[in-house]
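Asks: Please find my_file03.cif (mmCIF, C-alpha atoms and all ligand atoms) on the next line:
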```cif
data_entry
#
loop_
_atom_site.label_atom_id
_atom_site.label_comp_id
_atom_site.auth_asym_id
_atom_site.auth_seq_id
_atom_site.Cartn_x
_atom_site.Cartn_y
_atom_site.Cartn_z
CA MET A 121 12.82 17.60 -6.03
CA LYS A 122 9.54 16.48 -4.46
CA ILE A 123 7.97 13.06 -5.05
CA THR A 124 4.63 11.69 -3.89
CA VAL A 125 4.34 7.92 -3.74
CA PHE A 126 1.05 6.00 -3.52
CA ALA A 127 1.58 2.94 -1.36
CA GLY A 128 0.09 -0.23 0.04
CA GLY A 129 2.13 -2.60 2.20
CA THR A 130 4.97 -5.02 1.49
CA GLY A 131 5.77 -4.39 -2.23
CA SER A 132 5.44 -0.65 -1.77
CA ALA A 133 7.76 -0.68 1.25
CA LYS A 134 10.48 -2.41 -0.79
CA PHE A 135 10.23 0.14 -3.59
CA VAL A 136 10.12 3.13 -1.22
CA ARG A 137 13.16 1.77 0.68
CA GLY A 138 15.05 1.81 -2.64
CA LEU A 139 13.76 5.29 -3.46
CA ALA A 140 14.83 6.62 -0.06
CA LYS A 141 18.43 5.66 -0.97
CA ALA A 142 18.32 8.02 -3.97
CA VAL A 143 16.07 10.80 -2.67
CA PRO A 144 16.34 12.50 0.76
CA GLN A 145 13.58 11.32 3.15
CA LYS A 146 12.19 14.83 3.51
CA ASN A 147 11.64 15.15 -0.27
CA LEU A 148 9.27 12.19 -0.23
CA THR A 149 5.60 12.06 0.72
CA VAL A 150 3.94 8.67 0.93
CA VAL A 151 0.15 8.50 0.57
CA VAL A 152 -0.90 5.21 2.13
CA ASN A 153 -3.91 2.94 1.71
CA VAL A 154 -6.20 2.69 4.73
CA GLY A 155 -8.61 0.06 3.34
CA ASP A 156 -6.66 -2.69 5.15
CA ASN A 157 -7.14 -0.98 8.51
CA ILE A 158 -8.95 -3.10 11.05
CA ARG A 159 -10.33 -2.68 14.56
CA LEU A 160 -9.47 -5.56 16.87
CA TYR A 161 -9.58 -5.71 20.69
CA GLY A 162 -10.67 -2.07 20.66
CA LEU A 163 -7.47 -1.07 18.83
CA THR A 164 -7.09 0.81 15.56
CA ILE A 165 -4.64 -1.23 13.49
CA CYS A 166 -3.25 0.25 10.25
CA PRO A 167 -1.10 -2.43 8.55
CA ASP A 168 -0.01 -0.47 5.48
CA LEU A 169 0.78 2.73 7.41
CA ASP A 170 2.79 0.67 9.89
CA THR A 171 4.68 -1.23 7.19
CA ILE A 172 5.80 2.08 5.64
CA LEU A 173 6.51 3.60 9.04
CA TYR A 174 8.57 0.61 10.24
CA MET A 175 10.45 0.51 6.93
CA PHE A 176 11.56 4.16 7.28
CA ALA A 177 12.39 3.58 10.94
CA GLY A 178 14.57 0.62 9.88
CA ILE A 179 12.68 -1.84 12.09
CA LEU A 180 10.47 -3.62 9.52
CA ASP A 181 10.60 -7.41 9.49
CA ARG A 182 12.03 -7.78 5.99
CA VAL A 183 11.36 -11.52 5.80
CA LYS A 184 7.62 -11.31 6.50
CA GLY A 185 7.31 -7.86 4.92
CA TRP A 186 5.16 -6.62 7.82
CA GLY A 187 5.49 -6.21 11.58
CA ILE A 188 8.66 -5.46 13.55
CA ALA A 189 11.88 -7.44 13.10
CA LYS A 190 12.62 -9.95 15.89
CA ASP A 191 9.30 -9.22 17.62
CA THR A 192 7.91 -11.68 20.16
CA PHE A 193 4.32 -12.94 20.33
CA ASN A 194 3.51 -13.28 24.05
CA PHE A 195 0.34 -11.20 23.66
CA GLN A 196 -0.93 -13.73 21.10
CA LYS A 197 -0.03 -16.63 23.42
CA MET A 198 -1.96 -15.04 26.30
CA LEU A 199 -5.03 -14.49 24.11
CA LYS A 200 -4.89 -18.20 23.22
CA ARG A 201 -4.73 -19.02 26.93
CA TYR A 202 -7.96 -17.09 27.34
CA GLY A 203 -9.46 -19.43 24.75
CA LEU A 204 -9.55 -16.86 21.94
CA ASN A 205 -8.53 -17.43 18.34
CA PRO A 206 -6.07 -14.59 17.69
CA TRP A 207 -5.83 -15.11 13.92
CA PHE A 208 -4.25 -11.70 13.24
CA ASN A 209 -0.69 -11.97 14.51
CA LEU A 210 0.16 -8.90 16.55
CA GLY A 211 3.72 -8.91 17.85
CA ASP A 212 4.39 -7.46 21.31
CA LYS A 213 6.31 -4.42 20.02
CA ASP A 214 3.83 -3.94 17.17
CA LEU A 215 1.05 -3.98 19.78
CA ALA A 216 2.60 -0.91 21.43
CA THR A 217 2.12 0.99 18.15
CA HIS A 218 -1.58 0.06 18.01
CA ILE A 219 -2.13 0.95 21.68
CA TYR A 220 -0.33 4.29 21.34
CA ARG A 221 -2.12 5.18 18.09
CA THR A 222 -5.51 4.26 19.55
CA ASN A 223 -4.77 6.42 22.59
CA LEU A 224 -3.78 9.38 20.41
CA ILE A 225 -7.03 9.01 18.46
CA MET A 226 -9.03 8.77 21.70
CA GLU A 227 -7.36 12.01 22.82
CA GLY A 228 -8.78 13.68 19.70
CA LEU A 229 -6.04 13.41 17.05
CA ASN A 230 -7.04 12.40 13.54
CA LEU A 231 -5.22 9.56 11.78
CA THR A 232 -2.83 11.98 9.99
CA GLU A 233 -1.85 13.62 13.28
CA ALA A 234 -1.50 10.28 15.06
CA THR A 235 0.69 8.95 12.22
CA LYS A 236 2.82 12.10 12.35
CA THR A 237 3.36 11.60 16.09
CA LEU A 238 4.38 7.97 15.60
CA ALA A 239 6.72 8.93 12.74
CA LYS A 240 8.35 11.70 14.75
CA LYS A 241 8.95 9.42 17.74
CA LEU A 242 10.48 6.80 15.44
CA GLY A 243 12.76 9.42 13.85
CA VAL A 244 11.10 9.21 10.43
CA LYS A 245 11.50 12.37 8.35
CA THR A 246 9.28 11.43 5.41
CA GLU A 247 5.69 12.67 5.46
CA ILE A 248 3.54 9.54 5.74
CA LEU A 249 -0.09 10.34 5.05
CA PRO A 250 -3.16 8.14 5.33
CA ALA A 251 -5.10 8.64 2.09
CA THR A 252 -8.06 9.77 4.20
CA ASN A 253 -8.74 10.41 7.87
CA ASN A 254 -12.11 8.68 7.52
CA TRP A 255 -12.74 4.99 8.10
CA VAL A 256 -12.72 3.08 4.81
CA GLU A 257 -12.70 -0.71 4.94
CA THR A 258 -12.00 -3.07 2.05
CA ARG A 259 -14.54 -5.86 2.26
CA ILE A 260 -14.65 -9.04 0.24
CA VAL A 261 -18.09 -10.26 -0.77
CA THR A 262 -18.18 -14.07 -0.58
CA SER A 263 -21.09 -16.50 -0.96
CA LYS A 264 -21.25 -16.58 2.86
CA GLY A 265 -21.39 -12.80 3.24
CA LYS A 266 -19.10 -9.79 3.42
CA ILE A 267 -15.82 -10.16 5.28
CA HIS A 268 -12.98 -7.77 6.06
CA PHE A 269 -10.00 -8.09 3.67
CA GLN A 270 -7.74 -9.20 6.57
CA GLU A 271 -10.25 -11.91 7.48
CA PHE A 272 -10.26 -13.09 3.85
CA TRP A 273 -6.48 -12.98 3.44
CA VAL A 274 -5.11 -13.86 6.88
CA LYS A 275 -7.86 -15.84 8.69
CA LYS A 276 -9.21 -17.68 5.66
CA HIS A 277 -5.90 -17.78 3.73
CA GLY A 278 -7.44 -16.12 0.65
CA LYS A 279 -9.49 -19.28 -0.04
CA PRO A 280 -13.19 -18.18 -0.22
CA LYS A 281 -14.68 -17.59 -3.66
CA VAL A 282 -14.79 -13.86 -4.25
CA LEU A 283 -17.99 -12.36 -5.68
CA ASN A 284 -17.10 -8.69 -5.34
CA ILE A 285 -14.83 -6.22 -3.55
CA ILE A 286 -16.14 -3.07 -1.94
CA TYR A 287 -14.52 -0.13 -0.20
CA GLU A 288 -17.01 0.48 2.56
CA GLY A 289 -17.31 4.12 3.58
CA VAL A 290 -15.35 5.46 0.61
CA GLU A 291 -18.18 7.51 -0.93
CA LYS A 292 -18.37 9.67 2.18
CA ALA A 293 -14.61 9.80 2.79
CA LYS A 294 -12.73 13.06 2.32
CA PRO A 295 -9.29 12.93 0.70
CA ASN A 296 -6.46 13.89 3.02
CA PRO A 297 -5.94 17.61 2.22
CA LYS A 298 -2.18 17.19 2.74
CA ALA A 299 -2.20 14.43 0.12
CA LEU A 300 -4.02 16.66 -2.37
CA LYS A 301 -1.49 19.45 -1.70
CA SER A 302 1.42 17.07 -2.15
CA ILE A 303 -0.01 15.73 -5.43
CA ALA A 304 -0.40 19.30 -6.73
CA GLU A 305 3.09 20.40 -5.68
CA SER A 306 5.18 17.35 -6.58
CA ASP A 307 7.56 16.95 -9.51
CA ALA A 308 6.42 13.35 -9.90
CA ILE A 309 3.81 10.94 -8.57
CA ILE A 310 4.77 7.28 -8.35
CA ILE A 311 2.17 4.53 -7.96
CA SER A 312 4.35 1.91 -6.29
CA PRO A 313 4.09 -1.78 -7.23
CA ALA A 314 1.11 -2.71 -5.07
CA ASN A 315 -2.07 -4.72 -5.41
CA PRO A 316 -4.26 -2.52 -7.65
CA ILE A 317 -7.49 -3.85 -6.11
CA THR A 318 -6.76 -3.74 -2.38
CA SER A 319 -3.96 -1.16 -2.11
CA ILE A 320 -4.26 1.44 -4.89
CA LYS A 321 -7.95 1.39 -5.85
CA PRO A 322 -9.10 2.11 -2.27
CA ILE A 323 -7.00 5.31 -2.51
CA LEU A 324 -8.25 6.20 -6.00
CA ALA A 325 -11.87 5.56 -4.98
CA ILE A 326 -11.73 8.42 -2.47
CA PRO A 327 -13.65 11.36 -3.99
CA ARG A 328 -11.38 13.95 -5.71
CA MET A 329 -8.28 11.72 -5.69
CA VAL A 330 -8.37 10.83 -9.41
CA GLU A 331 -9.26 14.45 -10.23
CA ALA A 332 -6.14 15.59 -8.33
CA LEU A 333 -3.98 13.13 -10.31
CA LYS A 334 -5.47 14.31 -13.60
CA LYS A 335 -4.94 17.97 -12.69
CA THR A 336 -1.36 17.86 -11.39
CA LYS A 337 1.43 19.07 -13.67
CA ALA A 338 3.62 16.28 -12.26
CA LYS A 339 4.27 13.19 -14.36
CA VAL A 340 2.40 10.18 -12.98
CA LEU A 341 4.27 6.87 -13.21
CA ALA A 342 3.22 3.39 -12.09
CA ILE A 343 5.28 0.26 -11.60
CA SER A 344 3.39 -2.89 -12.53
CA PRO A 345 2.82 -5.34 -9.68
CA ILE A 346 2.07 -7.99 -12.33
CA ILE A 347 4.55 -10.00 -14.40
CA GLY A 348 3.03 -11.91 -17.32
CA ASP A 349 -0.24 -13.27 -15.96
CA SER A 350 0.69 -13.40 -12.26
CA PRO A 351 1.12 -10.92 -9.45
CA VAL A 352 4.61 -10.65 -7.95
CA SER A 353 2.98 -11.54 -4.59
CA GLY A 354 -0.32 -11.60 -2.74
CA PRO A 355 -3.94 -11.96 -3.80
CA ALA A 356 -4.00 -9.44 -6.69
CA GLY A 357 -4.46 -12.19 -9.32
CA LYS A 358 -7.41 -13.89 -7.64
CA LEU A 359 -9.10 -10.57 -6.86
CA MET A 360 -8.61 -9.18 -10.39
CA LYS A 361 -10.04 -12.38 -11.92
CA SER A 362 -13.04 -12.26 -9.59
CA LEU A 363 -13.81 -8.79 -10.96
CA GLY A 364 -13.65 -10.17 -14.50
CA LEU A 365 -10.27 -8.55 -15.19
CA LYS A 366 -7.49 -10.29 -17.13
CA VAL A 367 -4.35 -10.47 -14.99
CA SER A 368 -1.69 -8.59 -16.98
CA PRO A 369 0.42 -5.41 -16.88
CA TYR A 370 -1.91 -4.10 -19.61
CA THR A 371 -4.88 -4.31 -17.23
CA VAL A 372 -2.90 -2.34 -14.64
CA ALA A 373 -2.22 0.37 -17.26
CA GLU A 374 -5.89 0.35 -18.20
CA LEU A 375 -7.01 0.68 -14.56
CA TYR A 376 -4.85 3.82 -14.20
CA LYS A 377 -5.18 5.20 -17.76
CA GLU A 378 -7.22 8.29 -16.78
CA PHE A 379 -4.17 9.87 -15.15
CA LEU A 380 -1.13 7.73 -16.00
CA ASP A 381 1.75 9.09 -18.13
CA ILE A 382 4.30 6.28 -17.74
CA ILE A 383 4.29 2.62 -16.70
CA VAL A 384 7.28 0.43 -15.91
CA ILE A 385 6.74 -3.27 -16.66
CA HIS A 386 8.93 -6.39 -16.42
CA LYS A 387 11.69 -7.04 -18.94
CA THR A 388 9.94 -10.22 -20.20
CA ASP A 389 6.63 -8.47 -20.91
CA LYS A 390 7.53 -6.95 -24.27
CA LYS A 391 4.29 -8.17 -25.85
CA TYR A 392 2.27 -5.62 -23.84
CA VAL A 393 4.31 -2.54 -24.80
CA GLY A 394 2.54 -1.68 -28.06
CA LYS A 395 -0.94 -2.23 -26.61
CA ILE A 396 -0.13 -0.08 -23.55
CA GLU A 397 1.32 2.73 -25.67
CA LYS A 398 -1.94 2.77 -27.67
CA LEU A 399 -3.59 3.94 -24.42
CA GLY A 400 -1.34 7.02 -24.62
CA ILE A 401 0.91 5.74 -21.81
CA LYS A 402 4.69 5.52 -22.25
CA CYS A 403 5.92 2.04 -21.40
CA PHE A 404 9.40 1.14 -20.16
CA GLN A 405 10.78 -2.31 -19.41
CA THR A 406 13.24 -3.38 -16.73
CA ASN A 407 13.67 -6.07 -14.10
CA ILE A 408 10.87 -5.14 -11.67
CA LEU A 409 11.50 -8.02 -9.23
CA MET A 410 12.85 -6.80 -5.88
CA LYS A 411 14.59 -9.77 -4.26
CA ASN A 412 17.15 -7.80 -2.28
CA LEU A 413 18.17 -4.25 -1.30
CA GLU A 414 20.21 -3.80 -4.50
CA ASP A 415 17.15 -4.66 -6.63
CA GLU A 416 15.06 -2.11 -4.72
CA GLU A 417 17.58 0.66 -5.29
CA ARG A 418 18.12 -0.32 -8.92
CA LEU A 419 14.37 -0.20 -9.65
CA ALA A 420 13.99 3.12 -7.84
CA LYS A 421 16.88 4.63 -9.81
CA PHE A 422 15.47 3.32 -13.09
CA THR A 423 12.16 4.98 -12.21
CA LEU A 424 13.88 8.31 -11.49
CA LYS A 425 15.74 8.04 -14.79
CA VAL A 426 12.60 7.59 -16.88
CA LEU A 427 11.07 10.52 -14.98
CA ASN A 428 14.15 12.60 -15.84
CA LEU A 429 14.71 13.11 -12.12
CA SER A 430 18.01 11.30 -11.71
CA PRO A 431 19.97 12.73 -8.77
N1 LIG B 1 -0.25 -10.92 7.37
C1 LIG B 1 -0.39 -12.25 7.49
O1 LIG B 1 -0.29 -12.95 6.50
N2 LIG B 1 -0.69 -12.82 8.72
C2 LIG B 1 -0.81 -12.08 9.85
O2 LIG B 1 -1.10 -12.63 10.91
C3 LIG B 1 -0.62 -10.66 9.75
C4 LIG B 1 -0.67 -9.84 10.86
C5 LIG B 1 -0.36 -8.48 10.72
C6 LIG B 1 -0.30 -7.66 11.84
C7 LIG B 1 0.03 -6.32 11.72
C8 LIG B 1 0.31 -5.80 10.45
O3 LIG B 1 0.66 -4.51 10.33
C9 LIG B 1 0.25 -6.59 9.32
C10 LIG B 1 -0.08 -7.95 9.45
N3 LIG B 1 -0.12 -8.77 8.33
C11 LIG B 1 -0.33 -10.11 8.46
C12 LIG B 1 0.08 -8.21 6.98
C13 LIG B 1 -1.22 -7.68 6.36
O4 LIG B 1 -2.25 -8.61 6.44
C14 LIG B 1 -1.10 -7.43 4.85
O5 LIG B 1 0.16 -7.72 4.37
C15 LIG B 1 -1.40 -6.05 4.45
O6 LIG B 1 -2.60 -5.59 4.98
C16 LIG B 1 -1.45 -5.96 2.92
O7 LIG B 1 -0.94 -4.77 2.53
#
```
Give the structure from this file in structure tokens form.

Replies:
Amino acid sequence: MKITVFAGGTGSAKFVRGLAKAVPQKNLTVVVNVGDNIRLYGLTICPDLDTILYMFAGILDRVKGWGIAKDTFNFQKMLKRYGLNPWFNLGDKDLATHIYRTNLIMEGLNLTEATKTLAKKLGVKTEILPATNNWVETRIVTSKGKIHFQEFWVKKHGKPKVLNIIYEGVEKAKPNPKALKSIAESDAIIISPANPITSIKPILAIPRMVEALKKTKAKVLAISPIIGDSPVSGPAGKLMKSLGLKVSPYTVAELYKEFLDIIVIHKTDKKYVGKIEKLGIKCFQTNILMKNLEDEERLAKFTLKVLNLSP
């Protein structure tokens, strides 16, 4: 059995952790958003890739949902001493990842190769693939200009009014060939429960990605990151509204309808089932909240069951 998962950060990591309990690591390929990537202090920082990497390595800070568990922040303290405003919290151990990755890239490796090196050194057997090796940056258009997504979310606490969201560089980006191969050869594709606007759409916006999903013989399943009219976490609600989209599991189904076969929505969202099925998408309901490790595994197993891939 081979499964390709599309992933962003925190929510995706929880789901994939559950999936990895039911499916051997080597049978999984995770295609990860790069729109959140940011360059700071000359370093290439890839939050979503690192969240997935750290999760598989068993070192993810499960409380925050990003960074390394029990990390220290002396680097941040020193930057403050230099009078800087280090608004993006880089832990000391996490910093080693960014330094090593940046070095690998400076030596000539692309982002896929650099990620593979990091994964190998951390003992991770799953193939973790950036959606593209090119630089794509999610930028939020506010009344005061365009800012990086991390600046909007972390530095400005998601407060500025959002006029638009753009994936800078995406038109010229090439899809990761290994991701295309994995999509073509998988038994199932799972769009994990992640922010559709800042985690999944930056992957789908890469030329040929949607085409690959439409063409594959594999069933494509998504798990809704929205319950009722609110996201499970993060800025998805605000960003969807700013694009004129109604916040609901139906909108998620509609965003993915070109290629989606199945969607899993929350047990309380029965009212959307009929409307979603009219789009030609099968709709299943379960408890999609992942509050602990048992929830993650339960949701992953439910997903495998509806895909007829139960181990
Ligand atoms: N999220 C925060 O809310 N505050 C931070 O200071 C922060 C730092 C950070 C550093 C490395 C990293 O890999 C992730 C980090 N995140 C932080 C999470 C990140 O902003 C988002 O969760 C993801 O980009 C969304 O998928």

Asks: How would you report the residues lying within 8 Å of ligand LIG 1 (chain B), as a ChimeraX atom specification, if you count all atoms listed in the file?

Replies: /A:128-130,156-157,165-171,184-187,207-211,214,269-270,273-275,277,318-319

Asks: So that I can check the surroundings of stretch 250-254 of chain A, please list as JSON, numbers by chain every protein, DNA and RNA residue that reaches within 8 Å of it, counting all atoms listed in the file and ignoring chain neighbours fewer than 4 positions away.

Replies: {"A": [151, 152, 153, 154, 169, 230, 231, 232, 235, 289, 293, 294, 295, 296, 299, 323, 326]}

Asks: Could you check which of A:Ser306, A:Thr149, A:Thr192, A:Ser312 is closest to A:Ile248, using all atoms listed in the file?

Replies: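 The answer is A:Thr149, which sits nearest to A:Ile248.
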
Asks: Please report the interatomic distance between atom CA of A:Gly400 and atom CA of A:Lys377 in Å with one decimal.

Replies: 8.1 Å

Asks: Report, in Å with one decimal, the straight-line distance from atom CA of A:Phe135 to atom CA of A:Asp415.

Replies: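 Atom CA of A:Asp415 lies 9.0 Å from atom CA of A:Phe135.
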
Asks: Counting all atoms listed in the file, which of A:Val244, A:Lys337, A:Glu417, A:Ile172 gets nearest to A:Ala140?

Replies: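 For A:Ala140, the nearest of the candidates is A:Glu417.
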